[in-house]
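Here's the structure, in structure tokens; my notes come after.
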Amino acid sequence: MVCSEQGCLYLVATPIGNLEDITLRALRILRSVELIAAEDTRTSSRLLAHHGISTAMVALHEHNEQAQSKVLVRKLLSGQSIALISDAGTPAVSDPGSRLTRMAQEAEVKVVPIPGPSALITAFCVSGFESSRFLFYGFLPVTASARRRVLEEFKEFVYPLIFYEAPHRIQDCIADLGEVLGNRKIVIARELTKFHENIVVLTLDEARHWLDADVNHKKGEFVLIVEGAPVRHDIDIKMERIMSVLLETLSVREAVSIALKLTGARKKDLYALALRFHQKNDPV
């Protein structure tokens with residue numbers, strides 16, 4: 001896309017670890033723009049130096065994005081083109097940039113995506129989960145209570161769940177995932193594309209032991225992909241409703257006898273279902 005009278009805002013994806021993971025187009029844009037807006041200029045300066053790029057930089061992060069975006073939009077309207085980059089991966093995805101993007105669009109500035117690395121896609125492609133659908137949440141809340149409330153909302157979600165997590169919270173996060181979601185499979189992708197890259201497929205119970213087995217397992221940036229909930233078929237839901245109603249007034253034996261006639265399900269399965277409801281409602 002060519003920008004003429006006013007500048008373009010380019011959203012440029014940069015490496016998530018290995019500095020070679022950058023496109024030729026991204027390098028061309030970073031060299032040609034008047035200014036690069038970076039989440040952390042110290043981090044981005046290493047990438048630019050590695051590729052011999054000397055374009056001027058300005059910081060744009062979560063603490064100054066509102067004010068800095070106004071300044072940058074004025075520069076865009078005056079004819080300057082700007083590249084927005086985050087510390088790693090695609091900007092505005094669990095990183096600063098969405099405010100600047102929205103303000104540029106509202107000012108009718110052209111916004112051009114320059115695709116490239118993304119931690120969530122990098123992790124998902126090696127997860128082995130057979131699904132073309134997933135839910136990406138990003139970073140879960142910091143406190144345990146808030147984190148568990150969010151996870152409860154996704155407890156019945158049948159597609160894989162993808163989260164980012166920081167090293168100082170990884171142990172508590174894994175514990176809460178197991179507590180709320182049960183002992184499902186999880187892919188832990190740590191330090192993707194970096195020297196100490198680690199990708200393991202475990203159950204959530206095993207993941208706790210894996211973290212404790214080596215202090216290095218708790219270091220780095222994490223992408224977590226949790227298996228979706230088992231698909232519940234309509235007939236199973238119908239049977240549960242029938243059994244729940246029958247057990248309100250009948251014994252287990254009577255409820256199973258009537259449910260057998262109504263559903264035609266196996267007697268063994270109905271007894272197991274009835275006992276599960278009975279134990280849930282009348283704990284010892």
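Each chain of the structure tokens is named A, B, ... in the order shown, its residues numbered from 1; ligands are numbered from 1 in display order.
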If we count only C-alpha atoms, what is near stretch 268-270 of chain A at a cut-off of 9 Å, once residues fewer than 6 positions away on the same chain are taken out, given as a PyMOL selection string?
chain A and resi 239+243+255-257+259-260
List every residue of stretch 108-184 of chain A that has an atom at most 12 Å from any atom of stretch 52-75 of chain A, giving for each one its closest atom pair and the distance in Å to one decimal, counting only C-alpha atoms, sorted by chain and then by ascending residue number, as CSV.
```
residue,atom,partner,partner_atom,distance
A:Glu108,CA,A:Val73,CA,10.0
A:Val109,CA,A:Val73,CA,8.1
A:Lys110,CA,A:Val73,CA,10.9
A:Val111,CA,A:Val73,CA,11.3
```
Determine, counting only C-alpha atoms, which protein, DNA and RNA residues have an atom within 8 Å of an atom of A:Phe139; residues of the same chain fewer than 6 positions away are not included. Present the result as a count of residues only.
4
Residues flagged helix (DSSP H, G or I) by DSSP in stretch 59-194 of chain A, as a PyMOL selection string:
chain A and resi 65-77+98-106+119-125+144-153+167-181
Could you write out the selected residues, including N, CA and C atoms, as a short mmCIF file (atom, residue, chain, number, x, y, z; two decimals), in the first residue's frame?
```cif
data_model
loop_
_atom_site.label_atom_id
_atom_site.label_comp_id
_atom_site.auth_asym_id
_atom_site.auth_seq_id
_atom_site.Cartn_x
_atom_site.Cartn_y
_atom_site.Cartn_z
N GLU A 65 0.51 5.58 26.31
CA GLU A 65 -0.09 5.36 24.99
C GLU A 65 -1.14 6.40 24.63
N GLN A 66 -1.97 6.80 25.59
CA GLN A 66 -3.03 7.76 25.28
C GLN A 66 -2.44 9.09 24.81
N ALA A 67 -1.50 9.64 25.58
CA ALA A 67 -0.91 10.94 25.23
C ALA A 67 0.00 10.83 24.01
N GLN A 68 0.82 9.79 23.98
CA GLN A 68 1.76 9.64 22.87
C GLN A 68 1.04 9.40 21.54
N SER A 69 -0.10 8.72 21.60
CA SER A 69 -0.85 8.44 20.37
C SER A 69 -1.32 9.72 19.69
N LYS A 70 -1.73 10.70 20.50
CA LYS A 70 -2.17 11.97 19.94
C LYS A 70 -1.02 12.66 19.19
N VAL A 71 0.17 12.60 19.77
CA VAL A 71 1.35 13.20 19.13
C VAL A 71 1.66 12.48 17.82
N LEU A 72 1.60 11.16 17.86
CA LEU A 72 1.94 10.37 16.68
C LEU A 72 0.92 10.55 15.56
N VAL A 73 -0.35 10.68 15.90
CA VAL A 73 -1.37 10.89 14.87
C VAL A 73 -1.14 12.22 14.16
N ARG A 74 -0.74 13.24 14.92
CA ARG A 74 -0.44 14.53 14.29
C ARG A 74 0.73 14.39 13.30
N LYS A 75 1.73 13.60 13.67
CA LYS A 75 2.86 13.37 12.77
C LYS A 75 2.40 12.63 11.51
N LEU A 76 1.51 11.65 11.69
CA LEU A 76 0.99 10.89 10.56
C LEU A 76 0.23 11.81 9.61
N LEU A 77 -0.59 12.69 10.18
CA LEU A 77 -1.38 13.61 9.35
C LEU A 77 -0.50 14.63 8.63
N SER A 98 -3.36 -0.77 20.42
CA SER A 98 -4.75 -0.69 19.97
C SER A 98 -5.29 0.75 20.01
N ARG A 99 -4.87 1.53 21.02
CA ARG A 99 -5.34 2.93 21.09
C ARG A 99 -4.82 3.75 19.93
N LEU A 100 -3.52 3.60 19.65
CA LEU A 100 -2.94 4.33 18.51
C LEU A 100 -3.60 3.90 17.21
N THR A 101 -3.83 2.63 17.05
CA THR A 101 -4.48 2.13 15.83
C THR A 101 -5.86 2.73 15.67
N ARG A 102 -6.64 2.73 16.75
CA ARG A 102 -8.00 3.27 16.69
C ARG A 102 -8.00 4.77 16.40
N MET A 103 -7.10 5.50 17.05
CA MET A 103 -7.05 6.95 16.82
C MET A 103 -6.60 7.26 15.39
N ALA A 104 -5.70 6.47 14.85
CA ALA A 104 -5.27 6.68 13.47
C ALA A 104 -6.42 6.40 12.50
N GLN A 105 -7.16 5.34 12.76
CA GLN A 105 -8.31 5.02 11.91
C GLN A 105 -9.37 6.12 11.97
N GLU A 106 -9.61 6.65 13.17
CA GLU A 106 -10.60 7.71 13.33
C GLU A 106 -10.16 8.98 12.60
N ALA A 119 3.28 -15.34 19.09
CA ALA A 119 3.55 -16.42 20.04
C ALA A 119 2.41 -17.41 20.12
N LEU A 120 1.17 -16.91 20.07
CA LEU A 120 0.04 -17.83 20.23
C LEU A 120 -0.08 -18.78 19.04
N ILE A 121 0.14 -18.30 17.82
CA ILE A 121 0.07 -19.16 16.64
C ILE A 121 1.26 -20.11 16.60
N THR A 122 2.43 -19.62 16.98
CA THR A 122 3.63 -20.46 17.01
C THR A 122 3.42 -21.64 17.95
N ALA A 123 2.83 -21.38 19.11
CA ALA A 123 2.58 -22.45 20.08
C ALA A 123 1.47 -23.38 19.61
N PHE A 124 0.41 -22.82 19.07
CA PHE A 124 -0.74 -23.65 18.69
C PHE A 124 -0.40 -24.62 17.57
N CYS A 125 0.46 -24.21 16.64
CA CYS A 125 0.76 -25.07 15.50
C CYS A 125 1.52 -26.33 15.92
N ALA A 144 -5.77 -14.79 42.46
CA ALA A 144 -6.31 -16.14 42.31
C ALA A 144 -7.83 -16.13 42.17
N SER A 145 -8.51 -15.31 42.95
CA SER A 145 -9.98 -15.29 42.92
C SER A 145 -10.49 -14.83 41.55
N ALA A 146 -9.89 -13.77 41.03
CA ALA A 146 -10.31 -13.26 39.71
C ALA A 146 -9.95 -14.25 38.62
N ARG A 147 -8.80 -14.88 38.75
CA ARG A 147 -8.37 -15.86 37.76
C ARG A 147 -9.33 -17.04 37.70
N ARG A 148 -9.76 -17.52 38.85
CA ARG A 148 -10.67 -18.66 38.90
C ARG A 148 -12.06 -18.29 38.36
N ARG A 149 -12.47 -17.06 38.61
CA ARG A 149 -13.78 -16.62 38.07
C ARG A 149 -13.76 -16.65 36.54
N VAL A 150 -12.66 -16.19 35.96
CA VAL A 150 -12.54 -16.20 34.49
C VAL A 150 -12.55 -17.64 33.98
N LEU A 151 -11.80 -18.52 34.63
CA LEU A 151 -11.71 -19.90 34.18
C LEU A 151 -13.05 -20.62 34.29
N GLU A 152 -13.84 -20.28 35.28
CA GLU A 152 -15.18 -20.88 35.43
C GLU A 152 -16.04 -20.58 34.20
N GLU A 153 -15.84 -19.40 33.60
CA GLU A 153 -16.62 -19.03 32.42
C GLU A 153 -16.31 -19.93 31.23
N PRO A 167 6.55 -15.65 34.36
CA PRO A 167 7.22 -16.66 35.19
C PRO A 167 6.85 -16.62 36.66
N HIS A 168 6.65 -15.44 37.23
CA HIS A 168 6.37 -15.36 38.67
C HIS A 168 4.95 -15.79 39.03
N ARG A 169 4.10 -16.02 38.01
CA ARG A 169 2.74 -16.48 38.29
C ARG A 169 2.46 -17.88 37.74
N ILE A 170 3.42 -18.48 37.04
CA ILE A 170 3.13 -19.72 36.32
C ILE A 170 2.67 -20.85 37.24
N GLN A 171 3.29 -20.97 38.41
CA GLN A 171 2.93 -22.07 39.30
C GLN A 171 1.50 -21.93 39.81
N ASP A 172 1.13 -20.74 40.25
CA ASP A 172 -0.23 -20.50 40.73
C ASP A 172 -1.24 -20.66 39.60
N CYS A 173 -0.87 -20.23 38.41
CA CYS A 173 -1.78 -20.34 37.26
C CYS A 173 -2.06 -21.79 36.93
N ILE A 174 -1.02 -22.62 36.88
CA ILE A 174 -1.20 -24.05 36.58
C ILE A 174 -2.08 -24.71 37.64
N ALA A 175 -1.87 -24.34 38.90
CA ALA A 175 -2.68 -24.91 39.99
C ALA A 175 -4.15 -24.56 39.81
N ASP A 176 -4.43 -23.31 39.46
CA ASP A 176 -5.82 -22.88 39.28
C ASP A 176 -6.46 -23.52 38.04
N LEU A 177 -5.69 -23.69 36.99
CA LEU A 177 -6.21 -24.36 35.80
C LEU A 177 -6.67 -25.78 36.14
N GLY A 178 -5.85 -26.50 36.90
CA GLY A 178 -6.22 -27.85 37.30
C GLY A 178 -7.40 -27.88 38.23
N GLU A 179 -7.45 -26.91 39.16
CA GLU A 179 -8.53 -26.86 40.14
C GLU A 179 -9.87 -26.61 39.48
N VAL A 180 -9.90 -25.71 38.52
CA VAL A 180 -11.17 -25.31 37.90
C VAL A 180 -11.54 -26.20 36.71
N LEU A 181 -10.58 -26.51 35.86
CA LEU A 181 -10.88 -27.21 34.61
C LEU A 181 -10.75 -28.73 34.71
#
```
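Checking A:His51, A:Arg31, A:His209, A:Arg253 one by one against A:Leu19, counting only C-alpha atoms, you find the shortest gap at A:His51.
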Exercise: stretch 78-85 of chain A partners within 7 Å, only C-alpha atoms, chain neighbours under 6 positions left out, as a ChimeraX atom specification:
/A:5-14,30,33-39,91
Keeping only C-alpha atoms, write the selected residues as a PDB file, in the first residue's frame.
```pdb
ATOM      1  CA  GLU A   5      -0.200  13.186   1.251  1.00  0.00           C
ATOM      2  CA  GLN A   6      -0.349  11.788   4.765  1.00  0.00           C
ATOM      3  CA  GLY A   7       1.733   9.100   6.354  1.00  0.00           C
ATOM      4  CA  CYS A   8       0.937   5.456   6.983  1.00  0.00           C
ATOM      5  CA  LEU A   9       0.864   3.672  10.296  1.00  0.00           C
ATOM      6  CA  TYR A  10       2.498   0.264   9.862  1.00  0.00           C
ATOM      7  CA  LEU A  11       1.875  -2.431  12.470  1.00  0.00           C
ATOM      8  CA  VAL A  12       5.041  -4.494  12.154  1.00  0.00           C
ATOM      9  CA  ALA A  13       5.406  -7.962  13.670  1.00  0.00           C
ATOM     10  CA  THR A  14       8.887  -8.606  15.074  1.00  0.00           C
ATOM     11  CA  LEU A  30      11.529  -0.327   9.435  1.00  0.00           C
ATOM     12  CA  VAL A  33       9.657   5.059   7.828  1.00  0.00           C
ATOM     13  CA  GLU A  34      10.441   8.375   9.508  1.00  0.00           C
ATOM     14  CA  LEU A  35       9.854   7.023  13.017  1.00  0.00           C
ATOM     15  CA  ILE A  36       9.456   3.751  14.909  1.00  0.00           C
ATOM     16  CA  ALA A  37       7.134   3.670  17.934  1.00  0.00           C
ATOM     17  CA  ALA A  38       8.452   0.893  20.198  1.00  0.00           C
ATOM     18  CA  GLU A  39       7.093  -0.581  23.415  1.00  0.00           C
ATOM     19  CA  PRO A  91       1.728  -5.344  18.180  1.00  0.00           C
TER      20      PRO A  91
END
```
Residue set, stretch 120-280 of chain A restricted to strand (DSSP E), as a PDB file with C-alpha atoms, in the first residue's frame:
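What ended up in states_39.pdb:
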```
ATOM      1  CA  LEU A 135     -10.097 -19.222  22.292  1.00  0.00           C
ATOM      2  CA  PHE A 136      -7.201 -16.858  22.930  1.00  0.00           C
ATOM      3  CA  TYR A 137      -7.531 -14.998  26.224  1.00  0.00           C
ATOM      4  CA  GLY A 138      -4.070 -13.535  26.736  1.00  0.00           C
ATOM      5  CA  PHE A 139      -2.942 -12.907  30.315  1.00  0.00           C
ATOM      6  CA  LEU A 161      -7.901 -22.349  25.484  1.00  0.00           C
ATOM      7  CA  ILE A 162      -4.743 -20.284  24.966  1.00  0.00           C
ATOM      8  CA  PHE A 163      -3.212 -18.093  27.666  1.00  0.00           C
ATOM      9  CA  TYR A 164      -0.029 -16.104  28.160  1.00  0.00           C
ATOM     10  CA  GLU A 165       1.637 -16.212  31.569  1.00  0.00           C
ATOM     11  CA  LYS A 185      -3.992 -32.034  28.705  1.00  0.00           C
ATOM     12  CA  ILE A 186      -1.909 -28.883  28.532  1.00  0.00           C
ATOM     13  CA  VAL A 187       0.841 -27.733  26.200  1.00  0.00           C
ATOM     14  CA  ILE A 188       3.433 -25.592  27.961  1.00  0.00           C
ATOM     15  CA  ALA A 189       5.482 -23.603  25.454  1.00  0.00           C
ATOM     16  CA  ARG A 190       8.322 -21.753  27.175  1.00  0.00           C
ATOM     17  CA  ASN A 198      10.871 -25.843  25.857  1.00  0.00           C
ATOM     18  CA  ILE A 199       7.620 -27.383  24.579  1.00  0.00           C
ATOM     19  CA  VAL A 200       5.989 -30.165  26.612  1.00  0.00           C
ATOM     20  CA  VAL A 201       2.614 -31.924  26.473  1.00  0.00           C
ATOM     21  CA  LEU A 202       1.358 -33.029  29.890  1.00  0.00           C
ATOM     22  CA  THR A 203      -1.755 -33.381  31.976  1.00  0.00           C
ATOM     23  CA  PHE A 222       4.941 -18.914  28.687  1.00  0.00           C
ATOM     24  CA  VAL A 223       2.190 -19.790  26.248  1.00  0.00           C
ATOM     25  CA  LEU A 224      -0.286 -22.281  27.747  1.00  0.00           C
ATOM     26  CA  ILE A 225      -2.718 -24.256  25.591  1.00  0.00           C
ATOM     27  CA  VAL A 226      -5.330 -26.223  27.534  1.00  0.00           C
TER      28      VAL A 226
END
```
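Once A:Ser251 and its same-chain neighbours fewer than 5 positions away are set aside, Met243, Ser244, Val245, Leu246, Val256, Ser257, Ile258, Tyr271, Ala274, Leu275, Phe277 and His278 of chain A remain within 12 Å of it when counting only C-alpha atoms.
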Do you have the atom CA of A:Phe129-atom CA of A:Leu192 distance handy?
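Interatomic distance here is 18.0 Å.
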Please compute the atom CA of A:Asp40-atom CA of A:Leu24 distance, one decimal, in Å.
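Atom CA of A:Leu24 lies 22.3 Å from atom CA of A:Asp40.
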Between atom CA of A:Tyr159 and atom CA of A:Glu227 - distance in Å to one decimal
6.9 Å
